Amino acid sequence: MHIVYWAHSYRDEDAAINRHFGILIEQAEHMIVNFDPPSKSVNSSKLEQNLRSCDGMVAVLSWRATGPSPFILYEIGLCLRAHKPVVVFVDDRLPDNVVPPRLLQRRYSHRTYFRQVREHTHALRALKTYMGDPPPPRYQPSAGQRVCGLIGLNAVEQTSQSVIRNIVSERGYRLVDLEIVDAANPLAFEQFEHLASLDVALCCADSHGQRSQYWSGAINAVAIPSIAYTTNPQYPFNEHFPREFQPRLANAETSASLGEVLQAELDLYEQDFLKVEDPASIERYTKMQVQAGALAGNYEVETRRQFMEVIMGDQYNVSGQTGAVGPQAHAHDITFTQVWKQFEGRMDLTRLADELRRLRETMERDAAEPEQKLAAGAVAAAEQSARQKDGPKVIEYLKTAGKWAFSVAEKIGVDLAKEALKGSLGP
């Protein structure tokens with residue numbers, strides 16, 4: 001399966017264009033979009049981390065009166081640095097020199113894009129050939145503890161150095177002070193091993209030493225996730241690209257402490273949106289992901305929405321992109337919690353989990369179509385929810401499982417599961 005980083009606008013006016021390319025990516029060409037929902041905060045390391053897990057990028061540059069989004073342009077630049085294949089779809093009102101001409105790109109009309117399906121699918125198919133079929137895994141991934149490189153550590157005071165080392169160690173990284181690594185001798189393989197195995201780097205932008213400049217350039221050139229920071233209130237920020245991708249100011253009157261800044265930036269890098277109130281939702285997501293692996297990329301219309309619901313729950317409200325996602329999501333105008341309350345007094349969750357296990361096993365054996373395999377994955381998620389004593393989540397995933405799950409439950413005589421399915425599906 002091909003996993004692609006989809007760089008696109010989240011503006012409401014671009015929703016129709018997004019739906020067009022989303023259908024072509026996920027249904028016409030059967031590629032899986034990297035999961036990265038919109039959030040209030042972003043930094044370069046988060047984007048670099050997401051890109052590392054992808055085989056390539058699909059970017060959609062929509063028209064804006066002020067010019068194309070600098071955020072999307074930055075993401076395209078990251079892809080170039082990482083030497084990943086990319087296809088860029090460009091609104092035909094934008095000038096010719098928006099992206100380098102050597103990049104695989106196609107124009108689209110904001111009015112008649114639906115008539116350009118052949119051209120767009122052909123470009124996506126070309127991208128797949130560059131990614132390989134199947135895409136190769138990462139060559140010799142590290143088998144050791146994750147590693148954090150430190151650059152420019154001598155530019156901060158001793159107290160701050162201790163803060164940095166403690167934060168990194170407490171988060172479970174092995175520290176490597178890159179400036180004491182021999183980079184002058186091309187036969188000293190240690191420097192190349194560090195570039196191959198680094199997970200993330202913390203870079204002090206206030207350090208102008210030769211070794212700091214070398215290592216900053218080296219990790220930038222290969223798109224290793226990095227977090228840059230400065231303690232200089234007069235730091236010369238660049239006005240030509242977003243501040244989100246420039247060094248974070250710390251230890252100044254107008255900023256948080258260095259420790260607070262680095263903790264927040266590392267949270268972004270580590271994608272803390274997965275740390276939901278119910279940790280079992282991550283297990284449910286994994287179960288659905290494993291089950292979806294059997295789909296061979298044949299996603300149905302609802303697949304991405306279901307994955308977003310599993311992970312995000314009530315944390316995000318994504319306008320115009322998905323179905324019932326976000327705070328107070330409803331099914332037939334009744335929340336899953338309210339539906340569960342109708343069963344709570346008479347539903348034994350332990351027995352229900354056992355029946356859902358039987359149902360899942362039967363569905364997995366009989367599933368022939370992609371949507372049936374996905375339904376079996378949803379029942380697996382509901383089973384896990386039942387064992388976690390989370391009734392509303394059981395109802396939510398059983399709704400995803402749909403009518404085929406109900407018919408199988410009726411056939412094999414799992415009455416409690418059938419009752420829960422009937423309630424989740426509504427009238």
# chains A, B, ... in the order shown; residues from 1 in each chain; ligands from 1

$ select_by_dssp --residues "range 90-280 of chain A" --states "strand (DSSP E or B)" --output "VMD selection string"
chain A and resid 90 to 91 104 to 108 147 to 151 174 to 177 200 to 204 226 to 230 248 to 249

$ residues_around --residues "Asp206 in chain A" --least-positions-apart "2" --cutoff "10 Å" --atoms "only C-alpha atoms" --output "MDAnalysis selection string"
chainID A and resid 152:156 203:204 208:209 212 228:232 235 247

$ write_last_selection --atoms "N, CA and C atoms" --output "compact mmCIF listing (two decimals), in the first residue's frame"
# COMPACT_ATOMS: atom_id res chain seq x y z
N GLY A 152 24.38 23.25 19.28
CA GLY A 152 24.51 24.59 19.85
C GLY A 152 24.28 24.65 21.35
N LEU A 153 24.51 23.55 22.03
CA LEU A 153 24.24 23.51 23.47
C LEU A 153 25.09 24.53 24.23
N ASN A 154 26.29 24.80 23.75
CA ASN A 154 27.18 25.73 24.46
C ASN A 154 26.72 27.18 24.38
N ALA A 155 25.72 27.47 23.57
CA ALA A 155 25.23 28.84 23.45
C ALA A 155 24.25 29.22 24.55
N VAL A 156 23.84 28.25 25.36
CA VAL A 156 22.94 28.54 26.48
C VAL A 156 23.69 28.33 27.80
N CYS A 203 17.95 22.37 18.30
CA CYS A 203 18.97 23.26 17.75
C CYS A 203 18.83 24.65 18.36
N CYS A 204 19.89 25.14 18.97
CA CYS A 204 19.90 26.50 19.47
C CYS A 204 20.30 27.43 18.33
N HIS A 208 26.52 30.26 16.56
CA HIS A 208 27.02 30.54 15.21
C HIS A 208 28.37 29.89 14.95
N GLY A 209 28.73 28.93 15.79
CA GLY A 209 29.99 28.23 15.60
C GLY A 209 29.98 27.38 14.34
N SER A 212 28.16 24.03 14.76
CA SER A 212 26.71 24.21 14.85
C SER A 212 26.11 24.44 13.47
N ALA A 228 13.98 24.14 16.65
CA ALA A 228 14.91 25.25 16.86
C ALA A 228 14.36 26.19 17.93
N TYR A 229 15.25 26.72 18.74
CA TYR A 229 14.84 27.64 19.81
C TYR A 229 15.87 28.76 19.93
N THR A 230 15.44 29.87 20.51
CA THR A 230 16.33 30.99 20.76
C THR A 230 15.98 31.62 22.10
N THR A 231 16.98 32.13 22.78
CA THR A 231 16.75 32.88 24.03
C THR A 231 17.07 34.36 23.82
N ASN A 232 17.22 34.75 22.56
CA ASN A 232 17.55 36.13 22.22
C ASN A 232 16.28 36.90 21.88
N TYR A 235 16.04 38.29 18.34
CA TYR A 235 16.34 37.36 17.26
C TYR A 235 15.73 37.88 15.95
N PRO A 247 12.55 29.54 14.79
CA PRO A 247 12.90 29.22 16.19
C PRO A 247 11.90 29.76 17.18

$ atom_distance --atom1 "CA of Leu198 in chain A" --atom2 "CA of Glu157 in chain A"
24.6 Å

$ closest_residue --among "A:Glu48, A:Glu179, A:Glu239, A:Glu364" --to "Pro70 in chain A" --atoms "only C-alpha atoms"
A:Glu239

$ residues_around --residues "Ala221 in chain A" --least-positions-apart "6" --cutoff "12 Å" --atoms "only C-alpha atoms" --output "list in words"
Glu48, Gly77, Leu78, Cys79, Leu80, Arg81, Ala82, His83, Leu195, Tyr214 and Trp215 of chain A

$ write_last_selection --atoms "C-alpha atoms" --output "PDB file, in the first residue's frame"
ATOM      1  CA  GLU A  48       8.921  16.328   9.142  1.00  0.00           C
ATOM      2  CA  GLY A  77       9.937  22.260   0.371  1.00  0.00           C
ATOM      3  CA  LEU A  78      10.178  19.652   3.134  1.00  0.00           C
ATOM      4  CA  CYS A  79       9.335  16.960   0.598  1.00  0.00           C
ATOM      5  CA  LEU A  80      12.088  18.158  -1.712  1.00  0.00           C
ATOM      6  CA  ARG A  81      14.610  18.117   1.129  1.00  0.00           C
ATOM      7  CA  ALA A  82      13.546  14.610   2.102  1.00  0.00           C
ATOM      8  CA  HIS A  83      13.935  13.452  -1.531  1.00  0.00           C
ATOM      9  CA  LEU A 195      22.417  11.242  10.523  1.00  0.00           C
ATOM     10  CA  TYR A 214      27.510  22.286   9.822  1.00  0.00           C
ATOM     11  CA  TRP A 215      25.165  20.069  11.814  1.00  0.00           C
TER      12      TRP A 215
END
